[in-house]
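Only one structure is covered here, and it is reproduced in the block below.
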Amino acid sequence: MHDFRQLEVWKKSIQLCKTYYFFSKEFPKDELFGLTSQSRRCLYSIPSNIAEGAGRDTKPQFSHFLNIALGSSFEFETQIIIAKECEFLPEDRFQKTLPEIQYIQNMIIKLKQVYSS
């Protein structure tokens with residue numbers, strides 16, 4: 001078991017959740033149960049799965065949950081691209097969010113490599 005609160009990738013993903021929550025509040029109201037909800041759910045899944053995996057007993061179990069977190073991060077990246085293309089997410093906010101999620105993806109990949117071996 002690991003203390004997920006000490007993992008930098010968990011901290012970064014929590015920070016991105018907070019930032020994006022405020023960005024997505026400005027999405028159209030008719031998207032509340034569509035893109036707003038979907039993008040939030042896949043983003044919140046990242047730190048949640050890191051935490052769940054950290055609570056497991058074995059490296060392969062932790063690695064499995066890191067895989068889920070990584071998949072959610074790519075889903076979130078797709079959601080913000082859609083939000084930008086639909087003009088829900090302004091370009092400046094997109095340019096702030098995209099490198100952050102890509103940094104988190106790289107962190108998850110590196111952490112996965114450590115726990116996959």
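We label chains A, B, ... in the order they appear in the structure tokens, count residues from 1 in each chain, and number ligands from 1 in the order shown.
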
For range 33-46 of chain A, work out the shell of residues within 6 Å, counting only C-alpha atoms and skipping chain neighbours fewer than 4 positions away, then give it as a PyMOL selection string.
-> chain A and resi 69+72+76+79

Can you write out the residues you just picked, keeping C-alpha atoms, as a compact mmCIF listing (two decimals), in the first residue's frame?
```txt
# COMPACT_ATOMS: atom_id res chain seq x y z
CA ALA A 69 -6.35 6.52 -14.68
CA SER A 72 -9.40 8.46 -18.22
CA PHE A 76 -10.43 13.89 -20.72
CA GLN A 79 -13.31 15.98 -24.07
```

Nearest to Ile108 in chain A by atom-to-atom distance, counting only C-alpha atoms, from A:Phe22, A:Phe94, A:Trp10, A:Phe27 |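 Once distances to Ile108 in chain A are computed over only C-alpha atoms, the minimum belongs to A:Trp10.
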
Go through A:Asn49, A:Gln95, A:Gln102, A:Gln6 and flag the residue nearest Phe62 in chain A, using only C-alpha atoms for the distances.
->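 Under the stated criterion, the closest residue is A:Asn49.
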
Looking at only C-alpha atoms, which of A:Pro90, A:Pro47, A:Gly53, A:Pro28 is the one that sits closest to Leu16 in chain A?
->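 Between A:Pro90, A:Pro47, A:Gly53, A:Pro28, the residue approaching Leu16 in chain A most closely is A:Pro47.
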
Taking 3 positions as the minimum chain separation for residues in the same chain, which residues sit within 12 Å of Phe88 in chain A when counting only C-alpha atoms? Answer as a PDB file with all heavy atoms, in the first residue's frame.
```
ATOM      1  N   PHE A  23     -13.611  26.196 -14.829  1.00  0.00           N
ATOM      2  CA  PHE A  23     -13.714  26.444 -16.265  1.00  0.00           C
ATOM      3  C   PHE A  23     -15.043  25.909 -16.805  1.00  0.00           C
ATOM      4  O   PHE A  23     -15.720  26.580 -17.572  1.00  0.00           O
ATOM      5  CB  PHE A  23     -12.579  25.754 -17.037  1.00  0.00           C
ATOM      6  CG  PHE A  23     -11.218  26.368 -16.881  1.00  0.00           C
ATOM      7  CD1 PHE A  23     -10.113  25.738 -17.428  1.00  0.00           C
ATOM      8  CD2 PHE A  23     -11.009  27.558 -16.199  1.00  0.00           C
ATOM      9  CE1 PHE A  23      -8.847  26.276 -17.315  1.00  0.00           C
ATOM     10  CE2 PHE A  23      -9.746  28.105 -16.075  1.00  0.00           C
ATOM     11  CZ  PHE A  23      -8.657  27.463 -16.639  1.00  0.00           C
ATOM     12  N   SER A  24     -15.384  24.702 -16.397  1.00  0.00           N
ATOM     13  CA  SER A  24     -16.570  24.049 -16.963  1.00  0.00           C
ATOM     14  C   SER A  24     -17.878  24.621 -16.422  1.00  0.00           C
ATOM     15  O   SER A  24     -18.938  24.366 -16.994  1.00  0.00           O
ATOM     16  CB  SER A  24     -16.500  22.536 -16.737  1.00  0.00           C
ATOM     17  OG  SER A  24     -16.507  22.223 -15.370  1.00  0.00           O
ATOM     18  N   LYS A  25     -17.821  25.391 -15.368  1.00  0.00           N
ATOM     19  CA  LYS A  25     -19.036  26.058 -14.868  1.00  0.00           C
ATOM     20  C   LYS A  25     -19.600  27.014 -15.906  1.00  0.00           C
ATOM     21  O   LYS A  25     -20.784  27.332 -15.873  1.00  0.00           O
ATOM     22  CB  LYS A  25     -18.733  26.838 -13.590  1.00  0.00           C
ATOM     23  CG  LYS A  25     -18.800  26.035 -12.336  1.00  0.00           C
ATOM     24  CD  LYS A  25     -18.633  26.960 -11.143  1.00  0.00           C
ATOM     25  CE  LYS A  25     -18.956  26.212  -9.882  1.00  0.00           C
ATOM     26  NZ  LYS A  25     -18.940  27.103  -8.716  1.00  0.00           N
ATOM     27  N   GLU A  26     -18.759  27.475 -16.804  1.00  0.00           N
ATOM     28  CA  GLU A  26     -19.176  28.435 -17.820  1.00  0.00           C
ATOM     29  C   GLU A  26     -19.664  27.774 -19.106  1.00  0.00           C
ATOM     30  O   GLU A  26     -20.039  28.462 -20.049  1.00  0.00           O
ATOM     31  CB  GLU A  26     -18.033  29.402 -18.109  1.00  0.00           C
ATOM     32  CG  GLU A  26     -17.665  30.232 -16.891  1.00  0.00           C
ATOM     33  CD  GLU A  26     -16.475  31.134 -17.118  1.00  0.00           C
ATOM     34  OE1 GLU A  26     -16.077  31.348 -18.288  1.00  0.00           O
ATOM     35  OE2 GLU A  26     -15.934  31.628 -16.120  1.00  0.00           O
ATOM     36  N   PHE A  27     -19.677  26.452 -19.162  1.00  0.00           N
ATOM     37  CA  PHE A  27     -20.210  25.760 -20.329  1.00  0.00           C
ATOM     38  C   PHE A  27     -21.714  26.037 -20.408  1.00  0.00           C
ATOM     39  O   PHE A  27     -22.359  26.330 -19.397  1.00  0.00           O
ATOM     40  CB  PHE A  27     -19.980  24.252 -20.227  1.00  0.00           C
ATOM     41  CG  PHE A  27     -18.559  23.807 -20.487  1.00  0.00           C
ATOM     42  CD1 PHE A  27     -17.501  24.696 -20.611  1.00  0.00           C
ATOM     43  CD2 PHE A  27     -18.268  22.461 -20.590  1.00  0.00           C
ATOM     44  CE1 PHE A  27     -16.207  24.272 -20.845  1.00  0.00           C
ATOM     45  CE2 PHE A  27     -16.973  22.008 -20.825  1.00  0.00           C
ATOM     46  CZ  PHE A  27     -15.948  22.927 -20.958  1.00  0.00           C
ATOM     47  N   PRO A  28     -22.295  25.912 -21.594  1.00  0.00           N
ATOM     48  CA  PRO A  28     -23.743  26.138 -21.726  1.00  0.00           C
ATOM     49  C   PRO A  28     -24.536  25.218 -20.793  1.00  0.00           C
ATOM     50  O   PRO A  28     -24.169  24.063 -20.574  1.00  0.00           O
ATOM     51  CB  PRO A  28     -24.026  25.787 -23.191  1.00  0.00           C
ATOM     52  CG  PRO A  28     -22.716  25.904 -23.890  1.00  0.00           C
ATOM     53  CD  PRO A  28     -21.672  25.542 -22.873  1.00  0.00           C
ATOM     54  N   LYS A  29     -25.617  25.755 -20.255  1.00  0.00           N
ATOM     55  CA  LYS A  29     -26.457  24.991 -19.317  1.00  0.00           C
ATOM     56  C   LYS A  29     -27.021  23.731 -19.952  1.00  0.00           C
ATOM     57  O   LYS A  29     -27.203  22.725 -19.274  1.00  0.00           O
ATOM     58  CB  LYS A  29     -27.585  25.862 -18.765  1.00  0.00           C
ATOM     59  CG  LYS A  29     -27.091  27.021 -17.926  1.00  0.00           C
ATOM     60  CD  LYS A  29     -26.338  26.538 -16.710  1.00  0.00           C
ATOM     61  CE  LYS A  29     -25.767  27.721 -15.955  1.00  0.00           C
ATOM     62  NZ  LYS A  29     -24.508  27.460 -15.305  1.00  0.00           N
ATOM     63  N   ASP A  30     -27.276  23.763 -21.256  1.00  0.00           N
ATOM     64  CA  ASP A  30     -27.824  22.570 -21.902  1.00  0.00           C
ATOM     65  C   ASP A  30     -26.781  21.460 -22.062  1.00  0.00           C
ATOM     66  O   ASP A  30     -27.111  20.351 -22.458  1.00  0.00           O
ATOM     67  CB  ASP A  30     -28.485  22.893 -23.242  1.00  0.00           C
ATOM     68  CG  ASP A  30     -27.532  23.449 -24.281  1.00  0.00           C
ATOM     69  OD1 ASP A  30     -26.442  23.948 -23.911  1.00  0.00           O
ATOM     70  OD2 ASP A  30     -27.879  23.395 -25.476  1.00  0.00           O
ATOM     71  N   GLU A  31     -25.526  21.752 -21.710  1.00  0.00           N
ATOM     72  CA  GLU A  31     -24.463  20.741 -21.725  1.00  0.00           C
ATOM     73  C   GLU A  31     -24.200  20.156 -20.340  1.00  0.00           C
ATOM     74  O   GLU A  31     -23.304  19.336 -20.181  1.00  0.00           O
ATOM     75  CB  GLU A  31     -23.160  21.333 -22.268  1.00  0.00           C
ATOM     76  CG  GLU A  31     -23.124  21.435 -23.759  1.00  0.00           C
ATOM     77  CD  GLU A  31     -23.221  20.077 -24.448  1.00  0.00           C
ATOM     78  OE1 GLU A  31     -22.656  19.070 -23.965  1.00  0.00           O
ATOM     79  OE2 GLU A  31     -23.882  20.022 -25.499  1.00  0.00           O
ATOM     80  N   LEU A  32     -24.974  20.564 -19.344  1.00  0.00           N
ATOM     81  CA  LEU A  32     -24.735  20.119 -17.973  1.00  0.00           C
ATOM     82  C   LEU A  32     -24.706  18.598 -17.865  1.00  0.00           C
ATOM     83  O   LEU A  32     -23.859  18.034 -17.167  1.00  0.00           O
ATOM     84  CB  LEU A  32     -25.789  20.689 -17.024  1.00  0.00           C
ATOM     85  CG  LEU A  32     -25.597  20.379 -15.546  1.00  0.00           C
ATOM     86  CD1 LEU A  32     -24.256  20.906 -15.045  1.00  0.00           C
ATOM     87  CD2 LEU A  32     -26.725  20.967 -14.734  1.00  0.00           C
ATOM     88  N   LEU A  35     -21.459  17.165 -22.150  1.00  0.00           N
ATOM     89  CA  LEU A  35     -20.011  17.358 -22.126  1.00  0.00           C
ATOM     90  C   LEU A  35     -19.493  17.818 -20.767  1.00  0.00           C
ATOM     91  O   LEU A  35     -18.431  17.373 -20.319  1.00  0.00           O
ATOM     92  CB  LEU A  35     -19.609  18.351 -23.215  1.00  0.00           C
ATOM     93  CG  LEU A  35     -18.123  18.475 -23.504  1.00  0.00           C
ATOM     94  CD1 LEU A  35     -17.522  17.137 -23.923  1.00  0.00           C
ATOM     95  CD2 LEU A  35     -17.885  19.513 -24.587  1.00  0.00           C
ATOM     96  N   THR A  36     -20.228  18.677 -20.086  1.00  0.00           N
ATOM     97  CA  THR A  36     -19.784  19.151 -18.767  1.00  0.00           C
ATOM     98  C   THR A  36     -19.643  17.970 -17.810  1.00  0.00           C
ATOM     99  O   THR A  36     -18.595  17.777 -17.192  1.00  0.00           O
ATOM    100  CB  THR A  36     -20.783  20.174 -18.183  1.00  0.00           C
ATOM    101  OG1 THR A  36     -20.965  21.233 -19.113  1.00  0.00           O
ATOM    102  CG2 THR A  36     -20.284  20.731 -16.859  1.00  0.00           C
ATOM    103  N   GLN A  79     -12.183  15.126 -24.461  1.00  0.00           N
ATOM    104  CA  GLN A  79     -13.311  15.977 -24.066  1.00  0.00           C
ATOM    105  C   GLN A  79     -12.960  17.465 -24.157  1.00  0.00           C
ATOM    106  O   GLN A  79     -13.778  18.273 -24.582  1.00  0.00           O
ATOM    107  CB  GLN A  79     -13.772  15.638 -22.647  1.00  0.00           C
ATOM    108  CG  GLN A  79     -14.264  14.222 -22.469  1.00  0.00           C
ATOM    109  CD  GLN A  79     -15.525  13.930 -23.250  1.00  0.00           C
ATOM    110  OE1 GLN A  79     -16.371  14.785 -23.432  1.00  0.00           O
ATOM    111  NE2 GLN A  79     -15.659  12.699 -23.714  1.00  0.00           N
ATOM    112  N   ILE A  80     -11.732  17.836 -23.760  1.00  0.00           N
ATOM    113  CA  ILE A  80     -11.390  19.263 -23.834  1.00  0.00           C
ATOM    114  C   ILE A  80     -11.169  19.711 -25.286  1.00  0.00           C
ATOM    115  O   ILE A  80     -11.420  20.865 -25.610  1.00  0.00           O
ATOM    116  CB  ILE A  80     -10.198  19.658 -22.926  1.00  0.00           C
ATOM    117  CG1 ILE A  80      -8.895  18.984 -23.348  1.00  0.00           C
ATOM    118  CG2 ILE A  80     -10.546  19.431 -21.466  1.00  0.00           C
ATOM    119  CD1 ILE A  80      -7.662  19.552 -22.669  1.00  0.00           C
ATOM    120  N   ILE A  81     -10.725  18.788 -26.126  1.00  0.00           N
ATOM    121  CA  ILE A  81     -10.609  19.118 -27.556  1.00  0.00           C
ATOM    122  C   ILE A  81     -12.013  19.379 -28.125  1.00  0.00           C
ATOM    123  O   ILE A  81     -12.235  20.357 -28.840  1.00  0.00           O
ATOM    124  CB  ILE A  81      -9.878  18.005 -28.331  1.00  0.00           C
ATOM    125  CG1 ILE A  81      -8.399  17.959 -27.919  1.00  0.00           C
ATOM    126  CG2 ILE A  81     -10.030  18.204 -29.844  1.00  0.00           C
ATOM    127  CD1 ILE A  81      -7.640  16.734 -28.397  1.00  0.00           C
ATOM    128  N   ILE A  82     -12.957  18.524 -27.764  1.00  0.00           N
ATOM    129  CA  ILE A  82     -14.341  18.719 -28.208  1.00  0.00           C
ATOM    130  C   ILE A  82     -14.887  20.040 -27.668  1.00  0.00           C
ATOM    131  O   ILE A  82     -15.513  20.816 -28.400  1.00  0.00           O
ATOM    132  CB  ILE A  82     -15.225  17.534 -27.771  1.00  0.00           C
ATOM    133  CG1 ILE A  82     -14.819  16.269 -28.515  1.00  0.00           C
ATOM    134  CG2 ILE A  82     -16.709  17.855 -27.978  1.00  0.00           C
ATOM    135  CD1 ILE A  82     -15.432  14.994 -27.950  1.00  0.00           C
ATOM    136  N   ALA A  83     -14.629  20.315 -26.390  1.00  0.00           N
ATOM    137  CA  ALA A  83     -15.112  21.562 -25.771  1.00  0.00           C
ATOM    138  C   ALA A  83     -14.534  22.785 -26.478  1.00  0.00           C
ATOM    139  O   ALA A  83     -15.238  23.780 -26.697  1.00  0.00           O
ATOM    140  CB  ALA A  83     -14.765  21.583 -24.286  1.00  0.00           C
ATOM    141  N   LYS A  84     -13.273  22.704 -26.857  1.00  0.00           N
ATOM    142  CA  LYS A  84     -12.651  23.822 -27.586  1.00  0.00           C
ATOM    143  C   LYS A  84     -13.271  23.956 -28.973  1.00  0.00           C
ATOM    144  O   LYS A  84     -13.610  25.051 -29.407  1.00  0.00           O
ATOM    145  CB  LYS A  84     -11.142  23.619 -27.703  1.00  0.00           C
ATOM    146  CG  LYS A  84     -10.436  24.760 -28.452  1.00  0.00           C
ATOM    147  CD  LYS A  84      -8.977  24.498 -28.670  1.00  0.00           C
ATOM    148  CE  LYS A  84      -8.682  23.526 -29.749  1.00  0.00           C
ATOM    149  NZ  LYS A  84      -8.502  23.991 -31.086  1.00  0.00           N
ATOM    150  N   GLU A  85     -13.422  22.829 -29.669  1.00  0.00           N
ATOM    151  CA  GLU A  85     -13.985  22.853 -31.020  1.00  0.00           C
ATOM    152  C   GLU A  85     -15.424  23.377 -31.027  1.00  0.00           C
ATOM    153  O   GLU A  85     -15.842  24.023 -31.992  1.00  0.00           O
ATOM    154  CB  GLU A  85     -13.928  21.460 -31.647  1.00  0.00           C
ATOM    155  CG  GLU A  85     -12.515  20.978 -31.932  1.00  0.00           C
ATOM    156  CD  GLU A  85     -11.792  21.811 -32.970  1.00  0.00           C
ATOM    157  OE1 GLU A  85     -12.419  22.196 -33.974  1.00  0.00           O
ATOM    158  OE2 GLU A  85     -10.588  22.091 -32.770  1.00  0.00           O
ATOM    159  N   GLU A  91      -9.796  29.338 -26.068  1.00  0.00           N
ATOM    160  CA  GLU A  91      -8.453  28.918 -26.478  1.00  0.00           C
ATOM    161  C   GLU A  91      -7.431  29.072 -25.359  1.00  0.00           C
ATOM    162  O   GLU A  91      -6.605  28.187 -25.142  1.00  0.00           O
ATOM    163  CB  GLU A  91      -8.016  29.719 -27.712  1.00  0.00           C
ATOM    164  CG  GLU A  91      -6.668  29.313 -28.266  1.00  0.00           C
ATOM    165  CD  GLU A  91      -6.649  27.931 -28.898  1.00  0.00           C
ATOM    166  OE1 GLU A  91      -7.680  27.483 -29.438  1.00  0.00           O
ATOM    167  OE2 GLU A  91      -5.580  27.296 -28.869  1.00  0.00           O
ATOM    168  N   ASP A  92      -7.470  30.163 -24.618  1.00  0.00           N
ATOM    169  CA  ASP A  92      -6.484  30.373 -23.552  1.00  0.00           C
ATOM    170  C   ASP A  92      -6.616  29.330 -22.451  1.00  0.00           C
ATOM    171  O   ASP A  92      -5.615  28.854 -21.922  1.00  0.00           O
ATOM    172  CB  ASP A  92      -6.557  31.795 -22.984  1.00  0.00           C
ATOM    173  CG  ASP A  92      -7.889  32.118 -22.318  1.00  0.00           C
ATOM    174  OD1 ASP A  92      -8.946  31.634 -22.779  1.00  0.00           O
ATOM    175  OD2 ASP A  92      -7.868  32.881 -21.330  1.00  0.00           O
ATOM    176  N   ARG A  93      -7.833  28.948 -22.134  1.00  0.00           N
ATOM    177  CA  ARG A  93      -8.041  27.915 -21.112  1.00  0.00           C
ATOM    178  C   ARG A  93      -7.656  26.540 -21.643  1.00  0.00           C
ATOM    179  O   ARG A  93      -7.135  25.709 -20.909  1.00  0.00           O
ATOM    180  CB  ARG A  93      -9.478  27.938 -20.610  1.00  0.00           C
ATOM    181  CG  ARG A  93      -9.755  29.191 -19.808  1.00  0.00           C
ATOM    182  CD  ARG A  93     -11.138  29.237 -19.271  1.00  0.00           C
ATOM    183  NE  ARG A  93     -11.283  30.400 -18.408  1.00  0.00           N
ATOM    184  CZ  ARG A  93     -12.398  30.708 -17.802  1.00  0.00           C
ATOM    185  NH1 ARG A  93     -13.481  29.957 -17.964  1.00  0.00           N
ATOM    186  NH2 ARG A  93     -12.457  31.777 -17.036  1.00  0.00           N
ATOM    187  N   PHE A  94      -7.934  26.311 -22.906  1.00  0.00           N
ATOM    188  CA  PHE A  94      -7.506  25.066 -23.531  1.00  0.00           C
ATOM    189  C   PHE A  94      -5.980  24.963 -23.499  1.00  0.00           C
ATOM    190  O   PHE A  94      -5.425  23.922 -23.145  1.00  0.00           O
ATOM    191  CB  PHE A  94      -8.012  24.990 -24.980  1.00  0.00           C
ATOM    192  CG  PHE A  94      -7.524  23.789 -25.725  1.00  0.00           C
ATOM    193  CD1 PHE A  94      -8.081  22.539 -25.492  1.00  0.00           C
ATOM    194  CD2 PHE A  94      -6.501  23.899 -26.654  1.00  0.00           C
ATOM    195  CE1 PHE A  94      -7.634  21.409 -26.178  1.00  0.00           C
ATOM    196  CE2 PHE A  94      -6.045  22.783 -27.344  1.00  0.00           C
ATOM    197  CZ  PHE A  94      -6.614  21.537 -27.106  1.00  0.00           C
TER     198      PHE A  94
END
```

Separation of CA of Tyr103 in chain A from CA of Leu7 in chain A, in Å and rounded to one decimal |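 About the pair CA of Tyr103 in chain A and CA of Leu7 in chain A: they are 14.0 Å apart.
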
Helix (DSSP H, G or I) residues, from DSSP on the backbone, in chain A, as a PyMOL selection string = chain A and resi 4-6+8-24+29-54+59-85+91-116

Keeping only C-alpha atoms, take the residues you just selected and write them out as a compact mmCIF listing (two decimals), in the first residue's frame.
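Result file follows (again33.txt):
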```
# COMPACT_ATOMS: atom_id res chain seq x y z
CA PHE A 4 -1.52 8.34 -2.48
CA ARG A 5 -1.51 11.82 -0.90
CA GLN A 6 2.28 11.83 -1.29
CA GLU A 8 2.94 14.12 -7.12
CA VAL A 9 0.73 12.82 -9.95
CA TRP A 10 -2.22 12.59 -7.56
CA LYS A 11 -1.59 16.16 -6.32
CA LYS A 12 -1.34 17.49 -9.89
CA SER A 13 -4.53 15.74 -10.95
CA ILE A 14 -6.42 17.11 -7.93
CA GLN A 15 -5.24 20.61 -8.84
CA LEU A 16 -6.39 20.15 -12.43
CA CYS A 17 -9.79 18.96 -11.16
CA LYS A 18 -10.18 22.17 -9.17
CA THR A 19 -9.13 24.38 -12.09
CA TYR A 20 -11.28 22.62 -14.65
CA TYR A 21 -14.33 22.57 -12.40
CA PHE A 22 -14.39 26.37 -12.52
CA PHE A 23 -13.71 26.44 -16.27
CA SER A 24 -16.57 24.05 -16.96
CA LYS A 29 -26.46 24.99 -19.32
CA ASP A 30 -27.82 22.57 -21.90
CA GLU A 31 -24.46 20.74 -21.72
CA LEU A 32 -24.74 20.12 -17.97
CA PHE A 33 -25.65 16.45 -18.49
CA GLY A 34 -23.53 16.10 -21.61
CA LEU A 35 -20.01 17.36 -22.13
CA THR A 36 -19.78 19.15 -18.77
CA SER A 37 -20.69 16.04 -16.80
CA GLN A 38 -18.71 13.64 -18.97
CA SER A 39 -15.52 15.69 -18.92
CA ARG A 40 -15.71 16.17 -15.16
CA ARG A 41 -16.33 12.47 -14.55
CA CYS A 42 -13.36 11.31 -16.59
CA LEU A 43 -11.13 13.98 -15.02
CA TYR A 44 -12.17 13.08 -11.47
CA SER A 45 -11.55 9.45 -12.31
CA ILE A 46 -7.81 10.12 -12.61
CA PRO A 47 -6.96 10.91 -8.96
CA SER A 48 -9.68 8.52 -7.78
CA ASN A 49 -8.13 5.55 -9.58
CA ILE A 50 -4.64 6.51 -8.47
CA ALA A 51 -5.88 6.54 -4.88
CA GLU A 52 -7.77 3.26 -5.26
CA GLY A 53 -4.76 1.57 -6.82
CA ALA A 54 -2.46 2.87 -4.11
CA LYS A 59 2.20 -3.86 -7.71
CA PRO A 60 0.14 -5.44 -10.52
CA GLN A 61 -3.06 -4.24 -8.86
CA PHE A 62 -1.68 -0.72 -8.52
CA SER A 63 -0.51 -0.83 -12.14
CA HIS A 64 -4.03 -1.88 -13.23
CA PHE A 65 -5.58 1.19 -11.61
CA LEU A 66 -2.87 3.38 -13.11
CA ASN A 67 -3.96 1.99 -16.51
CA ILE A 68 -7.53 3.06 -15.78
CA ALA A 69 -6.35 6.52 -14.68
CA LEU A 70 -4.32 6.83 -17.89
CA GLY A 71 -7.30 5.85 -20.01
CA SER A 72 -9.40 8.46 -18.22
CA SER A 73 -6.73 11.07 -18.88
CA PHE A 74 -6.89 10.40 -22.62
CA GLU A 75 -10.67 10.52 -22.48
CA PHE A 76 -10.43 13.89 -20.72
CA GLU A 77 -7.99 15.17 -23.33
CA THR A 78 -10.53 14.24 -26.01
CA GLN A 79 -13.31 15.98 -24.07
CA ILE A 80 -11.39 19.26 -23.83
CA ILE A 81 -10.61 19.12 -27.56
CA ILE A 82 -14.34 18.72 -28.21
CA ALA A 83 -15.11 21.56 -25.77
CA LYS A 84 -12.65 23.82 -27.59
CA GLU A 85 -13.99 22.85 -31.02
CA GLU A 91 -8.45 28.92 -26.48
CA ASP A 92 -6.48 30.37 -23.55
CA ARG A 93 -8.04 27.92 -21.11
CA PHE A 94 -7.51 25.07 -23.53
CA GLN A 95 -3.83 26.06 -23.87
CA LYS A 96 -3.55 26.01 -20.07
CA THR A 97 -5.33 22.67 -19.62
CA LEU A 98 -3.81 20.63 -22.46
CA PRO A 99 -0.18 20.72 -21.24
CA GLU A 100 -1.34 19.97 -17.70
CA ILE A 101 -3.18 16.81 -18.70
CA GLN A 102 -0.31 15.74 -20.93
CA TYR A 103 2.12 16.23 -18.03
CA ILE A 104 -0.13 14.09 -15.82
CA GLN A 105 -0.27 11.42 -18.57
CA ASN A 106 3.53 11.31 -18.68
CA MET A 107 3.71 11.04 -14.91
CA ILE A 108 1.24 8.14 -14.91
CA ILE A 109 3.20 6.37 -17.66
CA LYS A 110 6.45 6.69 -15.70
CA LEU A 111 4.81 5.56 -12.46
CA LYS A 112 3.28 2.60 -14.31
CA GLN A 113 6.73 1.60 -15.57
CA VAL A 114 7.98 1.48 -12.00
CA TYR A 115 5.09 -0.70 -10.82
CA SER A 116 4.86 -2.91 -13.90
```
